[in-house]
Amino acid sequence: MEALLQILGGVFYLLNKILFSLSERAEKSGSKDLKKWLRVASWLACLIGLPAWVILFVIRHDWIAACLESSAVPSIVLGIITALKGSSKAYKLLDRLSIVAIVLGLGYSIYDLGGFRSLSQWLEIVLASTFLAGTYFLAKKNANGYLWYIAMHISCAWLTANQGFPMLAAQQLASLLFIIDAYRFAMKK
């Protein structure tokens, strides 16, 4: 069951990064409509992959990771709306909910950890905080979200490799390549 959840979550999260990259390339080629729909598809792929990760974390009794992963939902929904409507300014409540969810998720995680005693705890908090920040910034159409995602994928690849999940580490490195590509194209605009 865990392997299936890892594959399902990994495939949809990788698809999310591929679609981000393709959306940035579409804008560079002048196709605004294609960019819009690739962006919507990217956010939907992230939303579809998220439950697999949350379930996996719950099965493992990793409540911190489950809580943090879940706290990205408002930002993902904001990303879908922003991609569809072109702006997030009319959705201040969802924007504020995203920020509150991020603060609560990180705050709970730090409280539950009771401090940082190991490298894996540091990697987990870096992974979670950069995921949440990157998701929030990208939902607001801020290309700096890609920089947060770069840090996320590096820490996640390191963490999953240390925990004996070479397939997940490889998936993180593949995602990293697509995020770097998306950032490169976003900065050329």
# chains A, B, ... in the order shown; residues from 1 in each chain; ligands from 1
>>> residues_around(residues="Leu15 (chain A)", least_positions_apart="6", cutoff="9 Å", atoms="only C-alpha atoms", output="ChimeraX atom specification")
/A:42,45-46,175
>>> write_last_selection(atoms="all heavy atoms", output="PDB file, in the first residue's frame")
ATOM      1  N   SER A  42      -1.516  21.934 -13.902  1.00  0.00           N
ATOM      2  CA  SER A  42      -0.423  21.754 -12.944  1.00  0.00           C
ATOM      3  C   SER A  42      -0.936  21.772 -11.511  1.00  0.00           C
ATOM      4  O   SER A  42      -0.601  20.906 -10.700  1.00  0.00           O
ATOM      5  CB  SER A  42       0.624  22.852 -13.152  1.00  0.00           C
ATOM      6  OG  SER A  42       1.637  22.750 -12.180  1.00  0.00           O
ATOM      7  N   ALA A  45      -2.966  18.660 -10.782  1.00  0.00           N
ATOM      8  CA  ALA A  45      -2.099  17.499 -10.545  1.00  0.00           C
ATOM      9  C   ALA A  45      -1.561  17.519  -9.117  1.00  0.00           C
ATOM     10  O   ALA A  45      -1.517  16.476  -8.443  1.00  0.00           O
ATOM     11  CB  ALA A  45      -0.949  17.480 -11.553  1.00  0.00           C
ATOM     12  N   CYS A  46      -1.196  18.694  -8.646  1.00  0.00           N
ATOM     13  CA  CYS A  46      -0.711  18.821  -7.261  1.00  0.00           C
ATOM     14  C   CYS A  46      -1.817  18.447  -6.276  1.00  0.00           C
ATOM     15  O   CYS A  46      -1.588  17.712  -5.319  1.00  0.00           O
ATOM     16  CB  CYS A  46      -0.226  20.251  -7.029  1.00  0.00           C
ATOM     17  SG  CYS A  46       0.618  20.503  -5.464  1.00  0.00           S
ATOM     18  N   SER A 175      12.104  16.251 -10.591  1.00  0.00           N
ATOM     19  CA  SER A 175      11.258  17.423 -10.380  1.00  0.00           C
ATOM     20  C   SER A 175      12.101  18.691 -10.323  1.00  0.00           C
ATOM     21  O   SER A 175      11.713  19.732 -10.859  1.00  0.00           O
ATOM     22  CB  SER A 175      10.464  17.289  -9.076  1.00  0.00           C
ATOM     23  OG  SER A 175       9.483  16.297  -9.180  1.00  0.00           O
TER      24      SER A 175
END
>>> select_by_dssp(residues="chain A", states="helix (DSSP H, G or I)", output="PyMOL selection string")
chain A and resi 2-28+32-59+63-70+73-85+92-113+119-139+145-162+166-187
>>> closest_residue(among="A:Ala101, A:Leu56, A:Leu123, A:Cys156", to="Leu168 (chain A)", atoms="only C-alpha atoms")
A:Cys156
>>> closest_residue(among="A:Thr130, A:Phe137, A:Ala169, A:Ala72", to="Met152 (chain A)", atoms="only C-alpha atoms")
A:Thr130
>>> atom_distance(atom1="CA of Gly49 (chain A)", atom2="CA of Leu8 (chain A)")
6.5 Å
>>> residues_around(residues="Lys92 (chain A)", least_positions_apart="5", cutoff="12 Å", atoms="only C-alpha atoms", output="list in words")
Pro74, Ser75, Leu78, Ile81, Thr82, Ser87, Leu97, Ser98, Ile99 and Lys140 of chain A
>>> residues_around(residues="Phe131 (chain A)", least_positions_apart="6", cutoff="10 Å", atoms="only C-alpha atoms", output="list of chain:residue names")
A:Leu68, A:Glu69, A:Ala72, A:Ile102, A:Ile125, A:Gly145, A:Tyr146, A:Trp148, A:Tyr149, A:Ile150, A:Ala151, A:Met152, A:His153, A:Cys156
>>> closest_residue(among="A:Ala161, A:Leu5, A:Leu147, A:Leu106", to="Arg60 (chain A)", atoms="only C-alpha atoms")
A:Leu5
>>> closest_atom_pairs(of="region 73-170 of chain A", to="region 18-40 of chain A", cutoff="9 Å", atoms="only C-alpha atoms", output="JSON lines")
{"residue": "A:Gly79", "atom": "CA", "partner": "A:Val40", "partner_atom": "CA", "distance": 7.7}
{"residue": "A:Ile80", "atom": "CA", "partner": "A:Val40", "partner_atom": "CA", "distance": 5.4}
{"residue": "A:Ile81", "atom": "CA", "partner": "A:Val40", "partner_atom": "CA", "distance": 8.2}
{"residue": "A:Thr82", "atom": "CA", "partner": "A:Val40", "partner_atom": "CA", "distance": 8.8}
{"residue": "A:Ala83", "atom": "CA", "partner": "A:Lys36", "partner_atom": "CA", "distance": 5.7}
{"residue": "A:Leu84", "atom": "CA", "partner": "A:Lys36", "partner_atom": "CA", "distance": 6.6}
{"residue": "A:Gly86", "atom": "CA", "partner": "A:Lys36", "partner_atom": "CA", "distance": 8.3}
>>> closest_residue(among="A:Ile179, A:Ile110, A:Met187, A:Met1", to="Trp63 (chain A)", atoms="only C-alpha atoms")
A:Ile110
>>> closest_residue(among="A:Cys67, A:Ile76, A:Ala52, A:Leu14", to="Gly134 (chain A)", atoms="only C-alpha atoms")
A:Ile76
>>> residues_around(residues="Leu173 (chain A)", least_positions_apart="3", cutoff="8 Å", atoms="only C-alpha atoms", output="MDAnalysis selection string")
chainID A and resid 153:154 157 169:170 176:177
>>> atom_distance(atom1="CA of Lys141 (chain A)", atom2="CA of Tyr183 (chain A)")
11.9 Å
>>> atom_distance(atom1="CA of Met167 (chain A)", atom2="CA of Ser71 (chain A)")
25.2 Å
>>> decode(residues="region 81-113 of chain A", atoms="N, CA and C atoms", output="short mmCIF file (atom, residue, chain, number, x, y, z; two decimals), in the first residue's frame")
data_model
loop_
_atom_site.label_atom_id
_atom_site.label_comp_id
_atom_site.auth_asym_id
_atom_site.auth_seq_id
_atom_site.Cartn_x
_atom_site.Cartn_y
_atom_site.Cartn_z
N ILE A 81 -7.49 29.15 -8.89
CA ILE A 81 -8.31 30.33 -9.15
C ILE A 81 -7.51 31.41 -9.87
N THR A 82 -6.28 31.64 -9.42
CA THR A 82 -5.43 32.65 -10.05
C THR A 82 -5.16 32.29 -11.50
N ALA A 83 -4.90 31.02 -11.77
CA ALA A 83 -4.65 30.59 -13.16
C ALA A 83 -5.89 30.80 -14.02
N LEU A 84 -7.06 30.52 -13.47
CA LEU A 84 -8.30 30.68 -14.22
C LEU A 84 -8.69 32.15 -14.42
N LYS A 85 -8.57 32.92 -13.36
CA LYS A 85 -9.04 34.31 -13.38
C LYS A 85 -7.96 35.32 -13.77
N GLY A 86 -6.69 34.94 -13.65
CA GLY A 86 -5.61 35.85 -13.99
C GLY A 86 -5.09 36.67 -12.83
N SER A 87 -5.79 36.65 -11.70
CA SER A 87 -5.38 37.44 -10.55
C SER A 87 -5.94 36.80 -9.29
N SER A 88 -5.25 37.02 -8.18
CA SER A 88 -5.74 36.51 -6.90
C SER A 88 -6.26 37.63 -6.01
N LYS A 89 -6.23 38.87 -6.50
CA LYS A 89 -6.58 40.02 -5.67
C LYS A 89 -8.02 39.98 -5.16
N ALA A 90 -8.93 39.42 -5.92
CA ALA A 90 -10.33 39.37 -5.51
C ALA A 90 -10.59 38.28 -4.46
N TYR A 91 -9.58 37.50 -4.16
CA TYR A 91 -9.76 36.36 -3.26
C TYR A 91 -8.93 36.54 -1.99
N LYS A 92 -9.09 37.69 -1.34
CA LYS A 92 -8.31 38.03 -0.15
C LYS A 92 -8.52 37.03 0.98
N LEU A 93 -9.76 36.55 1.13
CA LEU A 93 -10.04 35.59 2.20
C LEU A 93 -9.23 34.31 1.99
N LEU A 94 -9.20 33.81 0.77
CA LEU A 94 -8.44 32.60 0.47
C LEU A 94 -6.94 32.86 0.63
N ASP A 95 -6.50 34.04 0.26
CA ASP A 95 -5.10 34.43 0.43
C ASP A 95 -4.74 34.41 1.92
N ARG A 96 -5.58 35.02 2.73
CA ARG A 96 -5.33 35.05 4.19
C ARG A 96 -5.39 33.65 4.79
N LEU A 97 -6.35 32.85 4.32
CA LEU A 97 -6.47 31.47 4.79
C LEU A 97 -5.20 30.69 4.47
N SER A 98 -4.62 30.93 3.30
CA SER A 98 -3.36 30.27 2.92
C SER A 98 -2.26 30.62 3.91
N ILE A 99 -2.15 31.89 4.24
CA ILE A 99 -1.10 32.33 5.17
C ILE A 99 -1.33 31.74 6.56
N VAL A 100 -2.57 31.76 7.03
CA VAL A 100 -2.89 31.18 8.34
C VAL A 100 -2.57 29.69 8.36
N ALA A 101 -2.93 28.97 7.30
CA ALA A 101 -2.66 27.53 7.24
C ALA A 101 -1.17 27.25 7.28
N ILE A 102 -0.39 28.06 6.57
CA ILE A 102 1.07 27.89 6.57
C ILE A 102 1.63 28.13 7.96
N VAL A 103 1.23 29.22 8.60
CA VAL A 103 1.75 29.54 9.93
C VAL A 103 1.35 28.47 10.95
N LEU A 104 0.08 28.06 10.91
CA LEU A 104 -0.38 27.02 11.84
C LEU A 104 0.33 25.68 11.59
N GLY A 105 0.47 25.31 10.34
CA GLY A 105 1.14 24.06 10.01
C GLY A 105 2.58 24.05 10.48
N LEU A 106 3.31 25.11 10.19
CA LEU A 106 4.71 25.18 10.63
C LEU A 106 4.81 25.30 12.15
N GLY A 107 3.94 26.12 12.74
CA GLY A 107 3.96 26.30 14.19
C GLY A 107 3.70 24.99 14.92
N TYR A 108 2.70 24.25 14.47
CA TYR A 108 2.39 22.97 15.08
C TYR A 108 3.56 22.00 14.94
N SER A 109 4.17 22.01 13.78
CA SER A 109 5.28 21.10 13.52
C SER A 109 6.46 21.37 14.45
N ILE A 110 6.80 22.63 14.60
CA ILE A 110 7.91 22.99 15.48
C ILE A 110 7.57 22.65 16.92
N TYR A 111 6.33 22.93 17.33
CA TYR A 111 5.87 22.58 18.68
C TYR A 111 5.95 21.07 18.91
N ASP A 112 5.44 20.30 17.94
CA ASP A 112 5.41 18.85 18.09
C ASP A 112 6.80 18.24 18.10
N LEU A 113 7.71 18.81 17.31
CA LEU A 113 9.08 18.30 17.30
C LEU A 113 9.78 18.54 18.62
#
